[in-house]
file target-v4.txt (compact mmCIF, C-alpha atoms)
# COMPACT_ATOMS: atom_id res chain seq x y z
CA MET A 28 0.00 0.00 0.00
CA LYS A 29 1.41 3.38 -1.00
CA LYS A 30 1.46 5.99 1.77
CA ASP A 31 0.70 8.84 -0.57
CA LEU A 32 -1.66 11.77 -0.18
CA LYS A 33 -4.55 9.68 -1.44
CA PHE A 34 -3.96 7.08 1.30
CA TYR A 35 -4.00 9.69 4.06
CA ARG A 36 -7.08 11.32 2.55
CA THR A 37 -8.94 7.98 2.53
CA LEU A 38 -7.82 7.29 6.12
CA PHE A 39 -9.00 10.72 7.27
CA ILE A 40 -12.34 10.58 5.43
CA SER A 41 -13.00 7.03 6.69
CA THR A 42 -12.41 7.84 10.35
CA PHE A 43 -14.14 11.22 10.09
CA SER A 44 -17.33 9.82 8.57
CA LEU A 45 -17.40 6.82 10.93
CA SER A 46 -17.13 9.18 13.89
CA ALA A 47 -19.63 11.73 12.53
CA PHE A 48 -22.43 9.26 11.95
CA THR A 49 -22.01 6.84 14.84
CA PHE A 50 -24.32 7.39 17.77
CA GLY A 51 -23.90 5.34 20.91
CA GLY A 52 -20.16 5.32 21.59
CA GLY A 53 -17.47 2.67 21.37
CA TYR A 54 -19.60 -0.43 21.18
CA VAL A 55 -21.20 0.82 17.97
CA ILE A 56 -18.24 2.40 16.21
CA VAL A 57 -15.78 -0.45 16.75
CA PRO A 58 -17.73 -3.06 14.71
CA LEU A 59 -18.23 -0.42 12.00
CA MET A 60 -14.49 0.28 11.92
CA ARG A 61 -13.90 -3.44 11.53
CA LYS A 62 -16.29 -3.49 8.60
CA LYS A 63 -14.59 -0.52 6.96
CA PHE A 64 -10.92 -1.44 7.43
CA VAL A 65 -11.14 -5.24 7.28
CA GLU A 66 -13.96 -5.95 4.85
CA LYS A 67 -14.19 -2.90 2.64
CA LEU A 68 -10.70 -1.42 2.37
CA LYS A 69 -8.92 -4.73 3.23
CA TRP A 70 -6.14 -2.78 4.92
CA ILE A 71 -6.05 -4.97 8.06
CA ASP A 72 -6.77 -8.68 8.49
CA GLU A 73 -9.42 -10.00 10.85
CA GLU A 74 -7.15 -11.39 13.57
CA GLU A 75 -5.02 -8.25 13.70
CA MET A 76 -8.15 -6.14 14.08
CA ILE A 77 -9.37 -8.22 17.03
CA ASN A 78 -5.99 -7.77 18.72
CA LEU A 79 -6.19 -4.01 18.20
CA ILE A 80 -9.69 -3.90 19.72
CA ALA A 81 -8.55 -5.94 22.73
CA ILE A 82 -5.71 -3.50 23.37
CA SER A 83 -7.97 -0.48 23.02
CA GLN A 84 -10.48 -1.95 25.45
CA SER A 85 -7.90 -2.53 28.14
CA SER A 86 -6.44 0.98 27.81
CA PRO A 87 -7.82 4.12 29.44
CA GLY A 88 -9.76 6.55 27.26
CA ALA A 89 -12.58 6.28 24.75
CA ILE A 90 -12.60 2.97 22.87
CA ALA A 91 -13.38 4.67 19.55
CA VAL A 92 -10.37 6.98 19.91
CA ASN A 93 -8.08 4.18 21.12
CA THR A 94 -9.03 1.90 18.24
CA SER A 95 -8.50 4.59 15.64
CA ILE A 96 -5.07 5.45 17.10
CA LEU A 97 -4.11 1.77 16.80
CA VAL A 98 -5.50 1.38 13.29
CA GLY A 99 -3.70 4.52 12.10
CA TYR A 100 -0.46 3.45 13.76
CA LYS A 101 -0.68 -0.04 12.32
CA LEU A 102 -1.19 1.35 8.81
CA ALA A 103 1.27 4.23 8.72
CA GLY A 104 3.07 4.73 12.04
CA ILE A 105 2.79 7.96 14.04
CA PRO A 106 1.59 10.10 11.06
CA GLY A 107 -1.16 7.55 10.44
CA ALA A 108 -2.13 7.56 14.12
CA LEU A 109 -2.31 11.37 14.10
CA ILE A 110 -4.48 11.50 10.96
CA SER A 111 -6.93 8.85 12.14
CA THR A 112 -7.20 10.41 15.61
CA LEU A 113 -7.87 13.79 14.06
CA GLY A 114 -10.58 12.25 11.90
CA THR A 115 -12.22 10.61 14.91
CA VAL A 116 -12.03 13.58 17.26
CA LEU A 117 -13.01 16.42 14.90
CA PRO A 118 -16.74 15.59 14.46
CA PRO A 119 -17.61 15.51 18.20
CA LEU A 120 -15.30 18.49 18.79
CA ILE A 121 -17.09 20.60 16.17
CA ILE A 122 -20.62 19.47 17.08
CA LEU A 123 -20.31 19.90 20.84
CA THR A 124 -18.49 23.23 20.57
CA ALA A 125 -21.35 24.46 18.38
CA ILE A 126 -23.99 23.15 20.80
CA SER A 127 -22.15 24.72 23.68
CA PHE A 128 -22.54 28.15 22.02
CA VAL A 129 -26.28 27.64 21.66
CA TYR A 130 -26.74 26.04 25.09
CA ASN A 131 -26.46 29.39 26.86
CA GLN A 132 -29.38 30.74 24.84
CA PHE A 133 -31.65 27.75 25.04
CA LYS A 134 -31.20 26.49 28.58
CA ASP A 135 -33.73 29.10 29.85
CA ASN A 136 -36.31 28.13 27.23
CA ALA A 137 -39.38 26.50 28.86
CA VAL A 138 -39.88 23.79 26.23
CA VAL A 139 -36.19 22.83 26.24
CA ASN A 140 -36.22 22.71 30.03
CA ALA A 141 -39.28 20.47 30.14
CA ALA A 142 -37.65 18.12 27.60
CA LEU A 143 -34.33 18.07 29.49
CA LYS A 144 -36.14 17.43 32.78
CA GLY A 145 -37.95 14.49 31.21
CA MET A 146 -34.73 13.19 29.69
CA GLN A 147 -32.98 13.20 33.11
CA ALA A 148 -35.33 10.33 34.00
CA GLY A 149 -34.47 8.53 30.73
CA ILE A 150 -30.70 8.94 31.26
CA ALA A 151 -30.98 7.72 34.87
CA ALA A 152 -32.84 4.62 33.64
CA VAL A 153 -30.28 3.97 30.88
CA ILE A 154 -27.41 4.12 33.39
CA ILE A 155 -29.24 1.88 35.91
CA ASP A 156 -29.80 -0.61 33.09
CA VAL A 157 -26.10 -0.61 32.14
CA VAL A 158 -24.98 -0.88 35.79
CA TYR A 159 -27.36 -3.80 36.41
CA ASP A 160 -25.85 -5.82 33.54
CA LEU A 161 -22.26 -4.97 34.51
CA ALA A 162 -22.76 -5.71 38.22
CA ALA A 163 -24.53 -8.99 37.46
CA GLY A 164 -21.52 -9.98 35.34
CA ILE A 165 -19.13 -9.28 38.25
CA ILE A 166 -21.28 -11.05 40.86
CA LYS A 167 -21.74 -14.12 38.65
CA LYS A 168 -18.00 -14.79 38.87
CA LYS A 169 -18.43 -15.38 42.64
CA ARG A 170 -15.16 -13.77 43.68
CA ALA A 171 -15.39 -12.25 47.16
CA VAL A 172 -12.58 -9.76 46.50
CA SER A 173 -14.36 -8.40 43.41
CA ALA A 174 -17.58 -7.90 45.34
CA ILE A 175 -15.70 -6.15 48.16
CA ILE A 176 -13.87 -3.86 45.70
CA MET A 177 -17.19 -3.02 44.07
CA LEU A 178 -18.88 -2.16 47.36
CA GLY A 179 -15.84 -0.30 48.72
CA ALA A 180 -15.40 1.74 45.54
CA PHE A 181 -19.08 2.66 45.56
CA ILE A 182 -18.99 3.89 49.17
CA ALA A 183 -15.73 5.76 48.54
CA ALA A 184 -17.13 7.51 45.46
CA PHE A 185 -20.71 8.19 46.46
CA TRP A 186 -20.57 8.94 50.19
CA LEU A 187 -16.95 9.75 50.95
CA ASP A 188 -16.35 11.88 47.80
CA ILE A 189 -12.87 10.43 47.34
CA ASN A 190 -11.11 11.45 44.12
CA VAL A 191 -11.95 8.91 41.43
CA ALA A 192 -8.31 8.59 40.34
CA PHE A 193 -7.36 7.26 43.80
CA ILE A 194 -10.16 4.72 43.69
CA ILE A 195 -8.97 3.47 40.30
CA LEU A 196 -5.33 3.24 41.44
CA ALA A 197 -6.24 1.51 44.73
CA SER A 198 -8.44 -1.13 43.13
CA GLY A 199 -5.82 -1.84 40.46
CA ALA A 200 -3.25 -2.32 43.25
CA ILE A 201 -5.59 -4.62 45.21
CA GLY A 202 -6.18 -6.67 42.07
CA ALA A 203 -2.44 -7.02 41.46
CA ALA A 204 -1.77 -7.94 45.11
CA MET A 205 -4.54 -10.52 45.03
CA VAL A 206 -3.13 -12.24 41.96
CA ILE A 207 0.41 -12.27 43.34
CA TYR A 208 -0.88 -13.72 46.64
CA ARG A 209 -2.89 -16.40 44.83
CA GLU A 210 0.11 -17.30 42.70
CA ARG A 211 2.41 -17.66 45.75
CA LYS A 212 -0.09 -19.86 47.57
CA ARG A 213 -0.42 -22.06 44.52
CA ARG A 214 3.34 -22.47 44.21
CA ARG A 215 3.76 -23.40 47.86
CA VAL A 216 1.21 -26.20 47.69
CA MET B 6 -4.36 29.81 33.56
CA ILE B 7 -7.68 28.38 32.50
CA TYR B 8 -6.45 26.53 29.39
CA LEU B 9 -3.84 24.63 31.38
CA LYS B 10 -6.47 23.78 34.00
CA LEU B 11 -8.85 22.48 31.35
CA PHE B 12 -6.04 20.51 29.74
CA LEU B 13 -4.95 18.93 33.04
CA SER B 14 -8.49 18.13 34.18
CA PHE B 15 -9.38 16.32 30.99
CA PHE B 16 -5.95 14.72 30.86
CA GLN B 17 -6.95 13.00 34.12
CA VAL B 18 -10.31 12.01 32.64
CA GLY B 19 -8.55 10.47 29.66
CA LEU B 20 -5.91 8.84 31.85
CA PHE B 21 -8.19 7.14 34.36
CA SER B 22 -11.31 6.22 32.42
CA ILE B 23 -10.74 2.55 31.79
CA GLY B 24 -13.42 0.59 29.97
CA GLY B 25 -14.76 3.32 27.71
CA GLY B 26 -18.21 4.86 27.43
CA TYR B 27 -19.88 5.22 30.79
CA ALA B 28 -16.61 4.63 32.64
CA ALA B 29 -15.66 8.24 31.89
CA LEU B 30 -18.84 9.57 33.52
CA PRO B 31 -17.78 9.55 37.21
CA LEU B 32 -14.40 11.05 36.32
CA ILE B 33 -15.96 13.88 34.32
CA GLN B 34 -18.44 14.55 37.13
CA ASN B 35 -15.60 14.56 39.66
CA GLN B 36 -13.47 17.02 37.67
CA VAL B 37 -16.14 19.27 36.20
CA VAL B 38 -18.77 19.45 38.96
CA GLU B 39 -16.98 18.62 42.22
CA ILE B 40 -13.37 19.78 41.89
CA ASN B 41 -13.62 22.77 39.57
CA GLY B 42 -17.29 23.76 39.75
CA TRP B 43 -17.40 24.45 36.01
CA LEU B 44 -20.91 23.01 35.71
CA THR B 45 -23.76 22.51 38.17
CA MET B 46 -25.14 18.99 38.59
CA LYS B 47 -28.11 19.98 36.39
CA GLU B 48 -25.86 21.32 33.63
CA PHE B 49 -23.81 18.13 33.89
CA SER B 50 -26.94 16.06 33.45
CA ASP B 51 -27.90 18.22 30.42
CA LEU B 52 -24.41 17.59 29.04
CA ILE B 53 -24.81 13.82 29.38
CA THR B 54 -28.18 14.06 27.65
CA ILE B 55 -26.65 16.05 24.78
CA ALA B 56 -23.64 13.71 24.60
CA GLU B 57 -25.97 10.71 24.32
CA MET B 58 -27.82 12.28 21.40
CA THR B 59 -24.78 13.37 19.42
CA PRO B 60 -22.12 11.19 17.82
CA GLY B 61 -18.76 10.62 19.46
CA PRO B 62 -17.43 9.37 22.80
CA ILE B 63 -18.87 10.94 25.99
CA ALA B 64 -15.42 12.04 27.19
CA ILE B 65 -14.61 13.92 23.97
CA ASN B 66 -18.10 15.42 23.85
CA SER B 67 -17.76 16.62 27.44
CA ALA B 68 -14.30 18.05 26.87
CA SER B 69 -15.46 20.03 23.83
CA PHE B 70 -18.60 21.29 25.58
CA VAL B 71 -17.04 22.23 28.91
CA GLY B 72 -13.91 23.61 27.25
CA ASN B 73 -15.92 25.97 25.08
CA ARG B 74 -18.15 27.11 27.95
CA ILE B 75 -15.18 27.90 30.17
CA GLY B 76 -12.55 29.08 27.70
CA GLY B 77 -14.09 29.50 24.24
CA ILE B 78 -12.76 27.69 21.19
CA ALA B 79 -9.22 27.61 22.59
CA GLY B 80 -10.60 26.07 25.78
CA SER B 81 -12.45 23.48 23.76
CA LEU B 82 -9.26 22.55 21.92
CA ALA B 83 -7.17 22.45 25.12
CA ALA B 84 -9.67 20.18 26.91
CA THR B 85 -10.12 17.85 23.95
CA PHE B 86 -6.38 17.60 23.36
CA GLY B 87 -5.87 16.85 27.06
CA CYS B 88 -8.51 14.14 26.87
CA VAL B 89 -6.96 12.38 23.86
CA LEU B 90 -3.26 12.69 24.76
CA PRO B 91 -3.14 9.99 27.49
CA SER B 92 -4.84 7.55 25.10
CA PHE B 93 -2.28 8.35 22.46
CA ILE B 94 0.70 7.71 24.74
CA ILE B 95 -0.72 4.71 26.62
CA VAL B 96 -2.34 2.88 23.73
CA LEU B 97 0.85 2.96 21.66
CA THR B 98 2.98 1.90 24.64
CA LEU B 99 0.51 -0.87 25.49
CA ALA B 100 0.41 -2.11 21.92
CA TYR B 101 4.14 -2.65 22.21
CA LEU B 102 4.06 -4.16 25.72
CA TYR B 103 1.03 -6.30 24.95
CA GLN B 104 2.94 -8.20 22.30
CA ARG B 105 5.70 -8.97 24.78
CA TYR B 106 3.99 -9.44 28.15
CA ARG B 107 0.37 -10.26 27.45
CA LYS B 108 0.44 -13.35 29.67
CA LEU B 109 1.86 -11.51 32.68
CA THR B 110 -0.31 -12.31 35.72
CA VAL B 111 0.18 -8.92 37.40
CA VAL B 112 -1.41 -7.21 34.39
CA GLN B 113 -4.33 -9.64 34.55
CA GLY B 114 -4.64 -8.93 38.29
CA VAL B 115 -4.74 -5.16 37.82
CA LEU B 116 -7.51 -5.56 35.25
CA GLU B 117 -9.38 -7.93 37.55
CA GLY B 118 -9.27 -5.34 40.35
CA LEU B 119 -10.30 -2.50 38.05
CA ARG B 120 -13.42 -4.10 36.59
CA PRO B 121 -15.57 -4.10 39.78
CA ALA B 122 -14.32 -0.60 40.70
CA VAL B 123 -15.34 0.77 37.31
CA VAL B 124 -18.84 -0.69 37.74
CA ALA B 125 -19.11 0.90 41.19
CA LEU B 126 -18.02 4.29 39.85
CA ILE B 127 -20.59 4.19 37.07
CA ALA B 128 -23.23 3.23 39.66
CA SER B 129 -22.22 6.21 41.77
CA ALA B 130 -22.51 8.64 38.84
CA GLY B 131 -25.83 7.05 37.89
CA LEU B 132 -27.15 7.52 41.42
CA SER B 133 -26.21 11.22 41.37
CA ILE B 134 -28.22 11.66 38.16
CA LEU B 135 -31.11 9.62 39.57
CA THR B 136 -31.18 11.82 42.67
CA LEU B 137 -31.21 14.89 40.44
CA ALA B 138 -34.02 13.47 38.32
CA LEU B 139 -36.16 12.55 41.33
CA TRP B 140 -35.49 15.41 43.75
CA GLY B 141 -34.07 18.23 41.61
CA GLU B 142 -31.05 20.44 42.19
CA LYS B 143 -31.43 20.78 45.98
CA GLY B 144 -30.93 17.05 46.53
CA ILE B 145 -32.78 14.73 48.90
CA SER B 146 -34.29 16.98 51.57
CA ASP B 147 -37.14 14.67 52.50
CA ILE B 148 -38.73 11.65 50.87
CA GLY B 149 -42.03 13.52 50.47
CA SER B 150 -40.56 16.06 48.06
CA ILE B 151 -39.89 13.34 45.47
CA ASN B 152 -41.12 14.09 41.93
CA LEU B 153 -43.66 11.33 41.27
CA ILE B 154 -43.77 12.02 37.53
CA ALA B 155 -40.01 11.43 37.36
CA VAL B 156 -40.38 8.21 39.38
CA ALA B 157 -42.96 6.98 36.87
CA LEU B 158 -40.75 7.97 33.90
CA VAL B 159 -37.69 6.19 35.35
CA ALA B 160 -39.73 3.05 36.10
CA LEU B 161 -41.34 3.03 32.66
CA SER B 162 -37.97 3.61 30.91
CA LEU B 163 -36.38 0.78 32.88
CA PHE B 164 -39.24 -1.52 31.98
CA VAL B 165 -38.89 -0.70 28.27
CA LEU B 166 -35.09 -1.05 28.39
CA ARG B 167 -35.17 -4.45 30.11
CA LYS B 168 -38.04 -5.85 28.12
CA TRP B 169 -37.32 -4.78 24.54
CA ARG B 170 -33.64 -3.72 24.69
CA PRO B 171 -34.10 -0.78 22.29
CA ASN B 172 -31.36 1.69 21.37
CA PRO B 173 -31.11 3.93 24.49
CA ILE B 174 -31.37 7.06 22.31
CA PHE B 175 -35.04 6.25 21.66
CA VAL B 176 -35.77 5.90 25.38
CA ILE B 177 -34.06 9.22 26.11
CA LEU B 178 -35.92 10.96 23.27
CA GLY B 179 -39.19 9.38 24.47
CA THR B 180 -38.74 10.73 28.00
CA GLY B 181 -37.90 14.12 26.46
CA ALA B 182 -41.20 14.13 24.57
CA ALA B 183 -43.02 13.01 27.73
CA GLY B 184 -41.31 15.84 29.62
CA ILE B 185 -42.62 18.43 27.14
CA LEU B 186 -46.15 16.98 27.26
CA ILE B 187 -46.31 16.73 31.06
CA TYR B 188 -44.17 19.50 32.57
CA LEU B 189 -45.41 22.22 30.21
CA ASN B 190 -49.04 21.47 31.09
CA ILE B 191 -48.86 21.41 34.88

call {"tool": "encode", "arguments": {"input": "target-v4.txt", "output": "structure tokens"}}
result
Amino acid sequence: MKKDLKFYRTLFISTFSLSAFTFGGGYVIVPLMRKKFVEKLKWIDEEEMINLIAISQSSPGAIAVNTSILVGYKLAGIPGALISTLGTVLPPLIILTAISFVYNQFKDNAVVNAALKGMQAGIAAVIIDVVYDLAAGIIKKKRAVSAIIMLGAFIAAFWLDINVAFIILASGAIGAAMVIYRERKRRRV
Amino acid sequence: MIYLKLFLSFFQVGLFSIGGGYAALPLIQNQVVEINGWLTMKEFSDLITIAEMTPGPIAINSASFVGNRIGGIAGSLAATFGCVLPSFIIVLTLAYLYQRYRKLTVVQGVLEGLRPAVVALIASAGLSILTLALWGEKGISDIGSINLIAVALVALSLFVLRKWRPNPIFVILGTGAAGILIYLNI
């Protein structure tokens, strides 16, 4: 594949249009990226793409952004990563900046306020729905430590107002300690 | 220096939101509402609503929105750049390390510890929004001041979500329409 201007233009247009027309975040855009880069453009093979998605899911940040960084990097190194990231980030950047300008004018509008007030209930329900599925997945594994981390992190965040970054770091450390402990015990037996 | 502050705040959001999507929510709330007071809880809830209805990741949407409200276009750019930069550095480093150490048990352990914490954090952010939806901006003063219309809307939305598993955007839009019909006429 030639890394000429046409290649970069296709890469940019692909990521830009995927990002501009995908509602619903990472879980929607990632399969569409697979379709575009694996099936349509044939730039990446299936197995490679699955590896890239696995890495992007275990890294911090938005999955859509992470995956496009990896795809760009895989195809054309750092310049490729920059172009594909730009393509992915520009649509939400432009749209939300524009909305933010209008928000000041329309947040006092009675109709908008009634709609937003109604939608608070919808958003709350959507998040409860997501949390229910995620928590059920954790509890199903029947690991006491996981359940304790979940409860502890909830209390720390909701009632104690502890900085979220500390909670993330602490639970990662507990997880690492737990695995090391389990490994040692196994070796001794 | 407001641009640096925006950059650093969203750098933390990008750095610590593991698991994508809703995982960024508690971090954004922490930075934007609690630490810096850039948005009220109601404005934050409006932002989430807007972010759900527009394309793009919630974290990037929030960075662009908050950045522009606090520091104009330059603020929007600073916040968004801050949000993406940790991904850029970490993802590329991980891609390299992953190939070499993917079987390492410590890495598996860290991920195992993070998963339940991330769920708890999303639950916490969700509960803040639920409180706002049911009791309004002043929070839970007494049980009697609960908004019964909101209770009904939450219950109905949950029922629809669990039963038919529609795209959440339709549920959110539906409650928006219900809000216009009900709140404007009482």

call {"tool": "closest_residue", "arguments": {"input": "target-v4.txt", "among": "A:Arg214, A:Arg170, A:Lys144, A:Leu187", "to": "Ala138 of chain B", "atoms": "only C-alpha atoms"}}
result
A:Lys144

call {"tool": "interface_residues", "arguments": {"input": "target-v4.txt", "of": "chain B", "to": "chain A", "cutoff": "6 Å", "atoms": "only C-alpha atoms", "output": "PyMOL selection string"}}
result
chain B and resi 19-25+60-62+66+69-70+73+92+111+114-115+117-119+121-122+125+128-129+131+134-135+138+155+158-159+162-163+177+180-181+184-185+188

call {"tool": "atom_distance", "arguments": {"input": "target-v4.txt", "atom1": "atom CA of Phe64 of chain A", "atom2": "atom CA of Ile110 of chain A"}}
result
14.9 Å

call {"tool": "closest_residue", "arguments": {"input": "target-v4.txt", "among": "B:Leu186, B:Leu161, B:Val96, B:Leu137", "to": "Asp51 of chain B", "atoms": "all atoms listed in the file"}}
result
B:Leu137

call {"tool": "atom_distance", "arguments": {"input": "target-v4.txt", "atom1": "atom CA of Ser44 of chain A", "atom2": "atom CA of Gly114 of chain A"}}
result
7.9 Å

call {"tool": "residues_around", "arguments": {"input": "target-v4.txt", "residues": "Glu142 of chain B", "least_positions_apart": "6", "cutoff": "9 Å", "atoms": "all atoms listed in the file", "output": "list in words"}}
result
Thr45, Met46, Lys47 and Thr136 of chain B

call {"tool": "axis_aligned_box", "arguments": {"input": "target-v4.txt", "around": "segment 176-179 of chain B", "padding_each_side": "3 Å", "output": "lines of an AutoDock Vina configuration file"}}
result
center_x = -36.6
center_y = 8.4
center_z = 24.7
size_x = 11.1
size_y = 11.1
size_z = 8.8

call {"tool": "closest_residue", "arguments": {"input": "target-v4.txt", "among": "A:Phe43, A:Phe133, A:Phe34, A:Tyr208", "to": "Ala103 of chain A", "atoms": "all atoms listed in the file"}}
result
A:Phe34

call {"tool": "atom_distance", "arguments": {"input": "target-v4.txt", "atom1": "atom CA of Ser67 of chain B", "atom2": "atom CA of Lys10 of chain B"}}
result
14.9 Å

call {"tool": "closest_residue", "arguments": {"input": "target-v4.txt", "among": "B:Ser150, B:Ala68, B:Leu102, B:Val176", "to": "Trp43 of chain B", "atoms": "all atoms listed in the file"}}
result
B:Ala68
